[in-house]
file start.txt (compact mmCIF, C-alpha atoms)
# COMPACT_ATOMS: atom_id res chain seq x y z
CA TYR A 46 54.40 56.80 108.76
CA ASN A 47 56.42 59.65 110.25
CA VAL A 48 59.35 60.07 107.87
CA PHE A 49 62.61 61.82 108.73
CA THR A 50 64.85 62.68 105.79
CA GLY A 51 67.97 64.29 107.29
CA ASP A 52 69.77 67.28 105.89
CA ALA A 53 68.42 68.42 102.53
CA ALA A 54 69.17 65.26 100.59
CA PRO A 55 68.00 65.65 96.97
CA GLY A 56 67.18 61.96 96.56
CA THR A 57 66.52 59.30 99.18
CA GLN A 58 65.85 55.64 99.74
CA ALA A 59 64.38 53.76 102.68
CA ALA A 60 67.10 51.93 104.57
CA LYS A 61 65.68 50.63 107.86
CA ASP A 62 62.50 50.98 109.88
CA THR A 63 61.64 50.60 113.51
CA VAL A 64 58.56 50.91 115.75
CA LEU A 65 58.57 53.30 118.68
CA ASP A 66 55.55 54.21 120.81
CA GLY A 67 53.19 52.86 118.20
CA TYR A 68 54.69 54.83 115.33
CA LYS A 69 56.70 53.27 112.54
CA TYR A 70 59.72 55.40 111.70
CA ILE A 71 61.46 55.00 108.39
CA ARG A 72 65.04 56.19 108.29
CA ILE A 73 65.74 57.81 104.93
CA GLU A 74 69.29 57.71 103.62
CA PRO A 75 70.57 60.03 100.88
CA THR A 76 71.52 58.57 97.53
CA GLY A 77 74.56 60.83 97.36
CA VAL A 78 73.83 62.03 93.81
CA ALA A 79 72.78 65.51 92.71
CA ASN A 80 71.77 66.39 89.15
CA VAL A 81 72.27 70.14 88.78
CA LYS A 82 71.20 72.57 86.07
CA THR A 83 71.82 76.00 87.65
CA LEU A 84 74.60 77.75 89.55
CA THR A 85 72.47 77.83 92.70
CA GLU A 86 71.95 74.07 92.52
CA LEU A 87 75.66 73.48 91.89
CA GLN A 88 76.71 75.61 94.87
CA ALA A 89 74.18 73.92 97.15
CA ALA A 90 75.25 70.42 96.08
CA ALA A 91 78.94 71.29 96.56
CA GLN A 92 78.20 72.26 100.17
CA ASN A 93 75.88 69.36 101.00
CA GLN A 94 77.76 66.78 103.05
CA TYR A 95 75.55 63.96 101.77
CA ILE A 96 76.43 64.49 98.12
CA SER A 97 79.40 62.54 96.72
CA LEU A 98 78.57 62.85 93.00
CA ILE A 99 77.44 65.99 91.18
CA ASN A 100 76.19 65.54 87.63
CA VAL A 101 76.27 68.80 85.67
CA MET A 102 73.37 68.33 83.27
CA ASN A 103 73.97 71.34 80.99
CA ASP A 104 76.23 74.37 80.53
CA ILE A 105 76.20 76.70 83.55
CA THR A 106 77.31 80.34 83.60
CA ILE A 107 79.39 81.02 86.72
CA THR A 108 78.68 84.45 88.19
CA ASP A 109 79.84 83.56 91.70
CA THR A 110 82.59 81.24 92.95
CA VAL A 111 81.70 77.61 93.61
CA TYR A 112 83.32 76.59 96.93
CA VAL A 113 84.19 72.93 97.50
CA ARG A 114 85.35 71.98 100.98
CA ARG A 115 85.21 68.16 100.98
CA ALA A 116 85.43 65.03 98.83
CA VAL A 117 83.15 65.06 95.80
CA THR A 118 83.14 64.19 92.10
CA ILE A 119 81.92 66.82 89.61
CA GLN A 120 81.22 65.52 86.13
CA SER A 121 79.04 65.46 83.06
CA PRO A 122 76.92 62.30 83.13
CA ASP A 123 77.38 61.80 79.38
CA ALA A 124 81.00 61.73 78.20
CA SER A 125 79.84 62.33 74.62
CA ASN A 126 78.06 65.56 75.58
CA VAL A 127 80.33 67.35 78.03
CA SER A 128 78.92 70.28 80.01
CA LYS A 129 80.74 73.57 80.53
CA LEU A 130 81.18 75.80 83.57
CA ILE A 131 81.58 79.18 81.85
CA ARG A 132 82.89 82.33 83.53
CA GLY A 133 80.25 85.07 83.48
CA LYS A 134 81.19 88.42 81.97
CA SER A 135 81.30 90.22 85.33
CA HIS A 136 82.84 87.42 87.40
CA THR A 137 86.57 87.96 88.01
CA ASP A 138 87.08 85.70 91.04
CA VAL A 139 88.02 82.01 90.96
CA ILE A 140 85.54 79.70 89.19
CA LEU A 141 86.13 76.63 91.40
CA ASP A 142 87.74 77.05 94.84
CA PHE A 143 88.90 73.83 96.56
CA ASP A 144 89.93 74.10 100.23
CA GLY A 145 90.00 71.21 102.71
CA ALA A 146 91.71 73.03 105.57
CA ASN A 147 88.81 72.42 107.97
CA GLY A 148 89.52 68.75 108.63
CA HIS A 149 89.38 67.54 105.02
CA LYS A 150 93.03 67.61 103.94
CA SER A 151 92.94 63.97 102.83
CA ASP A 152 89.70 64.38 100.88
CA VAL A 153 89.80 63.95 97.10
CA VAL A 154 87.94 66.22 94.69
CA THR A 155 87.59 64.70 91.23
CA LEU A 156 86.75 66.51 87.99
CA LYS A 157 85.73 64.25 85.11
CA ASN A 158 84.25 64.99 81.68
CA ILE A 159 83.74 68.66 82.49
CA ILE A 160 84.98 71.84 80.79
CA VAL A 161 85.93 74.89 82.86
CA ASP A 162 85.88 77.81 80.41
CA GLY A 163 87.35 81.16 81.46
CA ASN A 164 85.56 82.95 78.61
CA LYS A 165 88.51 85.29 78.01
CA ASP A 166 86.99 86.59 74.79
CA GLY A 167 83.69 87.45 76.48
CA ASN A 168 85.28 88.79 79.67
CA THR A 169 87.78 91.55 78.93
CA GLN A 170 88.80 92.01 82.59
CA THR A 171 91.82 90.25 84.08
CA ALA A 172 90.39 87.50 86.25
CA SER A 173 91.63 85.08 88.90
CA PRO A 174 92.82 81.54 88.13
CA ALA A 175 90.11 79.19 86.89
CA LEU A 176 90.83 76.73 89.73
CA LYS A 177 92.41 77.32 93.11
CA SER A 178 93.45 74.52 95.45
CA LYS A 179 94.51 74.56 99.10
CA SER A 180 94.88 71.78 101.68
CA ILE A 181 93.03 69.16 99.63
CA LEU A 182 93.64 66.56 96.92
CA VAL A 183 92.37 67.22 93.38
CA ASN A 184 92.32 64.78 90.46
CA LEU A 185 91.81 66.00 86.91
CA GLU A 186 90.46 62.89 85.19
CA SER A 187 89.81 62.11 81.53
CA GLY A 188 87.58 64.62 79.77
CA THR A 189 88.46 67.49 82.09
CA VAL A 190 89.40 70.66 80.19
CA ILE A 191 90.52 74.00 81.65
CA GLU A 192 90.57 76.57 78.90
CA ASN A 193 90.31 80.20 77.80
CA ASN A 194 91.05 81.85 81.14
CA HIS A 195 92.85 85.20 81.45
CA ALA A 196 94.46 85.82 84.83
CA LYS A 197 97.20 87.82 86.46
CA GLU A 198 99.12 84.63 87.34
CA GLY A 199 98.39 80.93 87.24
CA ALA A 200 95.73 81.28 84.58
CA ALA A 201 94.49 77.69 84.77
CA ILE A 202 95.33 76.37 88.26
CA TYR A 203 96.80 77.93 91.41
CA VAL A 204 98.17 75.18 93.68
CA ASN A 205 99.03 76.28 97.21
CA HIS A 206 99.50 75.20 100.84
CA TYR A 207 99.64 71.41 101.16
CA SER A 208 97.38 70.75 98.22
CA THR A 209 98.12 68.03 95.67
CA VAL A 210 96.72 68.34 92.14
CA THR A 211 97.19 65.38 89.78
CA MET A 212 96.59 65.70 86.06
CA LYS A 213 95.72 62.37 84.42
CA GLU A 214 95.48 60.92 80.93
CA GLY A 215 92.77 62.49 78.79
CA SER A 216 92.70 65.83 80.64
CA GLU A 217 93.67 69.13 78.98
CA ILE A 218 94.81 72.62 79.93
CA ARG A 219 94.73 74.85 76.87
CA ASN A 220 94.55 78.37 75.45
CA ASN A 221 94.93 80.27 78.72
CA VAL A 222 96.68 83.61 79.20
CA SER A 223 98.63 84.83 82.23
CA GLU A 224 99.84 88.41 82.63
CA SER A 225 102.62 87.18 84.90
CA ASP A 226 103.91 83.65 85.56
CA GLY A 227 102.56 80.19 84.97
CA THR A 228 99.58 78.50 83.42
CA VAL A 229 99.80 76.00 86.27
CA TYR A 230 101.19 77.95 89.23
CA VAL A 231 102.66 75.83 92.05
CA ILE A 232 103.82 77.76 95.07
CA GLY A 233 104.42 77.76 98.79
CA ASN A 234 104.04 75.54 101.85
CA GLY A 235 103.77 72.14 100.24
CA GLY A 236 101.76 72.86 97.12
CA TYR A 237 102.32 69.90 94.78
CA PHE A 238 101.40 69.27 91.15
CA GLU A 239 101.92 66.03 89.27
CA MET A 240 101.42 65.68 85.54
CA ALA A 241 100.84 61.97 85.05
CA GLY A 242 99.09 62.37 81.70
CA GLY A 243 97.07 64.70 79.52
CA THR A 244 98.19 67.79 77.63
CA ILE A 245 99.12 71.38 78.47
CA SER A 246 99.15 73.30 75.20
CA GLY A 247 98.62 76.64 73.50
CA ASN A 248 99.00 78.75 76.63
CA THR A 249 100.75 82.14 76.83
CA VAL A 250 102.37 83.86 79.82
CA ALA A 251 104.01 87.27 80.03
CA GLY A 252 106.53 86.01 82.58
CA ASN A 253 107.98 82.55 83.23
CA GLY A 254 106.61 79.03 82.90
CA GLY A 255 104.37 78.75 79.87
CA GLY A 256 103.17 75.33 80.99
CA ILE A 257 104.12 74.78 84.64
CA TYR A 258 105.65 77.34 87.00
CA GLU A 259 107.11 76.15 90.32
CA PHE A 260 108.45 78.53 92.94
CA GLY A 261 108.62 79.43 96.62
CA GLY A 262 108.25 76.07 98.34
CA GLY A 263 105.99 74.42 95.81
CA SER A 264 106.90 71.18 94.07
CA ALA A 265 106.04 69.68 90.69
CA ARG A 266 106.76 66.43 88.90
CA MET A 267 106.11 65.25 85.35
CA THR A 268 105.71 61.50 84.82
CA GLY A 269 103.59 61.51 81.66
CA GLY A 270 101.59 63.56 79.20
CA THR A 271 102.63 66.28 76.77
CA ILE A 272 103.52 69.95 77.22
CA SER A 273 103.61 71.61 73.82
CA GLY A 274 103.00 74.83 71.93
CA ASN A 275 103.19 77.11 74.97
CA THR A 276 104.85 80.53 75.01
CA ALA A 277 106.63 82.37 77.81
CA LYS A 278 107.96 85.87 77.19
CA GLY A 279 110.35 85.19 80.05
CA ASN A 280 111.97 81.83 80.75
CA GLY A 281 110.75 78.25 80.49
CA GLY A 282 108.24 77.94 77.67
CA GLY A 283 107.38 74.43 78.78
CA VAL A 284 108.31 74.29 82.47
CA TYR A 285 110.04 76.60 84.93
CA ASN A 286 111.90 75.20 87.97
CA VAL A 287 110.20 71.79 87.74
CA GLU A 288 112.86 69.64 89.38
CA ARG A 289 111.61 66.12 88.53
CA LEU A 290 111.09 65.13 84.90
CA TYR A 291 110.48 61.39 84.93
CA GLY A 292 108.35 60.91 81.82
CA GLY A 293 106.20 62.52 79.18
CA THR A 294 107.06 64.86 76.31
CA ILE A 295 108.01 68.55 76.27
CA THR A 296 108.18 69.88 72.72
CA GLY A 297 107.53 72.90 70.52
CA ASN A 298 107.43 75.54 73.25
CA VAL A 299 108.82 79.08 72.96
CA ALA A 300 110.61 81.32 75.49
CA ALA A 301 113.31 83.96 75.76
CA SER A 302 115.47 81.34 77.46
CA GLY A 303 114.89 77.64 77.98
CA ALA A 304 112.16 77.04 75.42
CA GLY A 305 111.39 73.61 76.83
CA VAL A 306 112.91 73.55 80.31
CA TYR A 307 114.36 76.31 82.47
CA SER A 308 115.64 75.77 85.99
CA GLU A 309 117.54 77.77 88.58
CA GLY A 310 118.48 74.59 90.48
CA THR A 311 118.89 70.84 90.12
CA VAL A 312 116.71 68.92 87.67
CA TYR A 313 116.29 65.15 88.13
CA LEU A 314 115.77 63.29 84.86
CA LYS A 315 114.63 59.73 84.22
CA GLY A 316 114.07 57.99 80.92
CA THR A 317 114.99 59.23 77.45
CA VAL A 318 115.92 62.90 76.96
CA LYS A 319 115.85 64.30 73.42
call {"tool": "encode", "arguments": {"input": "start.txt", "output": "structure tokens"}}
result
Amino acid sequence: YNVFTGDAAPGTQAAKDTVLDGYKYIRIEPTGVANVKTLTELQAAAQNQYISLINVMNDITITDTVYVRRAVTIQSPDASNVSKLIRGKSHTDVILDFDGANGHKSDVVTLKNIIVDGNKDGNTQTASPALKSKSILVNLESGTVIENNHAKEGAAIYVNHYSTVTMKEGSEIRNNVSESDGTVYVIGNGGYFEMAGGTISGNTVAGNGGGIYEFGGGSARMTGGTISGNTAKGNGGGVYNVERLYGGTITGNVAASGAGVYSEGTVYLKGTVK
């Protein structure tokens, strides 16, 4: 047989065969699954158009940004043994960079059962946000944790330019530090963040928005989950300028003004307010 496999698929299966000029050609289709153990393998899988599911098999130290430009799910295959993506000591750029501007604005990137660790105790330099999102959809599913990152602003997530990031039940953003505003930083040109579930807790910012910071054309909405135990040295220990609070709990946050909620405009409330 003369076998043609396509573009660097890591696993394949025979789909259909045909005979041409006396040769039998087997078309090989990719399975769409990559099991990765190193940064190089992770970066390659993230860029391979045939891969729809990336299983992170063990902890990986991130010494260079992982760029994701299309729909894919990144997860640990075993929810009881969750793998970490850990910022390397010399890496100050973004850990995961999501950008679908090149024709993939409706694509969905899903993180599930994976820990993104900014390693702020092992990396003494001020770094970039752990995650950055632009012109793409991102779902933070159950078991996703973004923790221990130290950034200038938006320590956990920077949401910008027609990107939608949705935080779901069972996900966590915790123990991050921002030297300016926001643990989740939502800004500019249609950036949108929805907290439908999960927890944002134990984060500290030197400016405004200990949990969620919205400004400059961005938009945020809370429909579920809990924002608690965050500290802002400025305003809005829980949320800053989040205009739609339709569900969830905001409690036990600290700020110079507006420990739970601070807004410079209209806030739309739904449900029970305590």
call {"tool": "closest_residue", "arguments": {"input": "start.txt", "among": "A:Thr110, A:Ser151, A:Ser216, A:Thr118", "to": "Ile96 in chain A", "atoms": "all atoms listed in the file"}}
result
A:Thr118
call {"tool": "closest_residue", "arguments": {"input": "start.txt", "among": "A:Asp123, A:Phe238, A:Lys165, A:Gly247", "to": "Gly188 in chain A", "atoms": "all atoms listed in the file"}}
result
A:Asp123
call {"tool": "residues_around", "arguments": {"input": "start.txt", "residues": "Asn221 in chain A", "least_positions_apart": "5", "cutoff": "8 Å", "atoms": "only C-alpha atoms", "output": "number ranges by chain"}}
result
A: 192-195, 200-201, 228, 247-249
call {"tool": "atom_distance", "arguments": {"input": "start.txt", "atom1": "CA of Leu290 in chain A", "atom2": "CA of Ser302 in chain A"}}
result
18.4 Å
call {"tool": "residues_near_point", "arguments": {"input": "start.txt", "point": "(104.1, 84.1, 87.6)", "cutoff": "8 Å", "atoms": "only C-alpha atoms", "output": "tab-separated table (two decimals) with C-alpha atoms, in the frame of the given file"}}
result
chain	number	residue	atom	x	y	z
A	197	LYS	CA	97.20	87.82	86.46
A	198	GLU	CA	99.12	84.63	87.34
A	199	GLY	CA	98.39	80.93	87.24
A	223	SER	CA	98.63	84.83	82.23
A	224	GLU	CA	99.84	88.41	82.63
A	225	SER	CA	102.62	87.18	84.90
A	226	ASP	CA	103.91	83.65	85.56
A	227	GLY	CA	102.56	80.19	84.97
A	230	TYR	CA	101.19	77.95	89.23
A	250	VAL	CA	102.37	83.86	79.82
A	252	GLY	CA	106.53	86.01	82.58
A	253	ASN	CA	107.98	82.55	83.23
A	254	GLY	CA	106.61	79.03	82.90
A	258	TYR	CA	105.65	77.34	87.00
call {"tool": "atom_distance", "arguments": {"input": "start.txt", "atom1": "CA of Gly303 in chain A", "atom2": "CA of Arg219 in chain A"}}
result
20.4 Å
call {"tool": "closest_residue", "arguments": {"input": "start.txt", "among": "A:Asn205, A:Asp162, A:Ala196, A:Gly167", "to": "Ile181 in chain A", "atoms": "all atoms listed in the file"}}
result
A:Asn205
call {"tool": "residues_around", "arguments": {"input": "start.txt", "residues": "range 269-281 of chain A", "least_positions_apart": "3", "cutoff": "8 Å", "atoms": "only C-alpha atoms", "output": "PyMOL selection string"}}
result
chain A and resi 213-214+240-256+284-285+291-308
call {"tool": "atom_distance", "arguments": {"input": "start.txt", "atom1": "CA of Lys134 in chain A", "atom2": "CA of Asn80 in chain A"}}
result
25.0 Å
call {"tool": "closest_residue", "arguments": {"input": "start.txt", "among": "A:Asn184, A:Asn220, A:Ser173, A:Gln94", "to": "Tyr203 in chain A", "atoms": "only C-alpha atoms"}}
result
A:Ser173
call {"tool": "residues_around", "arguments": {"input": "start.txt", "residues": "Gly263 in chain A", "least_positions_apart": "4", "cutoff": "6 Å", "atoms": "all atoms listed in the file", "output": "PyMOL selection string"}}
result
chain A and resi 231-233+235-237+259
call {"tool": "closest_residue", "arguments": {"input": "start.txt", "among": "A:Glu309, A:Glu86, A:Asp152, A:Glu186", "to": "Ile105 in chain A", "atoms": "only C-alpha atoms"}}
result
A:Glu86
call {"tool": "closest_residue", "arguments": {"input": "start.txt", "among": "A:Met267, A:Val161, A:Met212, A:Ile119", "to": "Arg289 in chain A", "atoms": "all atoms listed in the file"}}
result
A:Met267
call {"tool": "residues_near_point", "arguments": {"input": "start.txt", "point": "(83.6, 66.1, 104.4)", "cutoff": "9 Å", "atoms": "all atoms listed in the file", "output": "list of chain:residue names"}}
result
A:Gln94, A:Tyr95, A:Arg114, A:Arg115, A:Ala116, A:Val117, A:Gly145, A:Asn147, A:Gly148, A:His149, A:Asp152
call {"tool": "residues_around", "arguments": {"input": "start.txt", "residues": "Ile202 in chain A", "least_positions_apart": "3", "cutoff": "6 Å", "atoms": "only C-alpha atoms", "output": "list in words"}}
result
Pro174, Leu176, Lys177, Gly199 and Val229 of chain A
call {"tool": "write_last_selection", "arguments": {"input": "start.txt", "atoms": "C-alpha atoms", "output": "compact mmCIF listing (two decimals), in the coordinates of the input"}}
result
# COMPACT_ATOMS: atom_id res chain seq x y z
CA PRO A 174 92.82 81.54 88.13
CA LEU A 176 90.83 76.73 89.73
CA LYS A 177 92.41 77.32 93.11
CA GLY A 199 98.39 80.93 87.24
CA VAL A 229 99.80 76.00 86.27
call {"tool": "axis_aligned_box", "arguments": {"input": "start.txt", "around": "range 116-121 of chain A", "padding_each_side": "5 Å", "output": "lines of an AutoDock Vina configuration file"}}
result
center_x = 82.2
center_y = 65.5
center_z = 90.9
size_x = 16.4
size_y = 12.6
size_z = 25.8
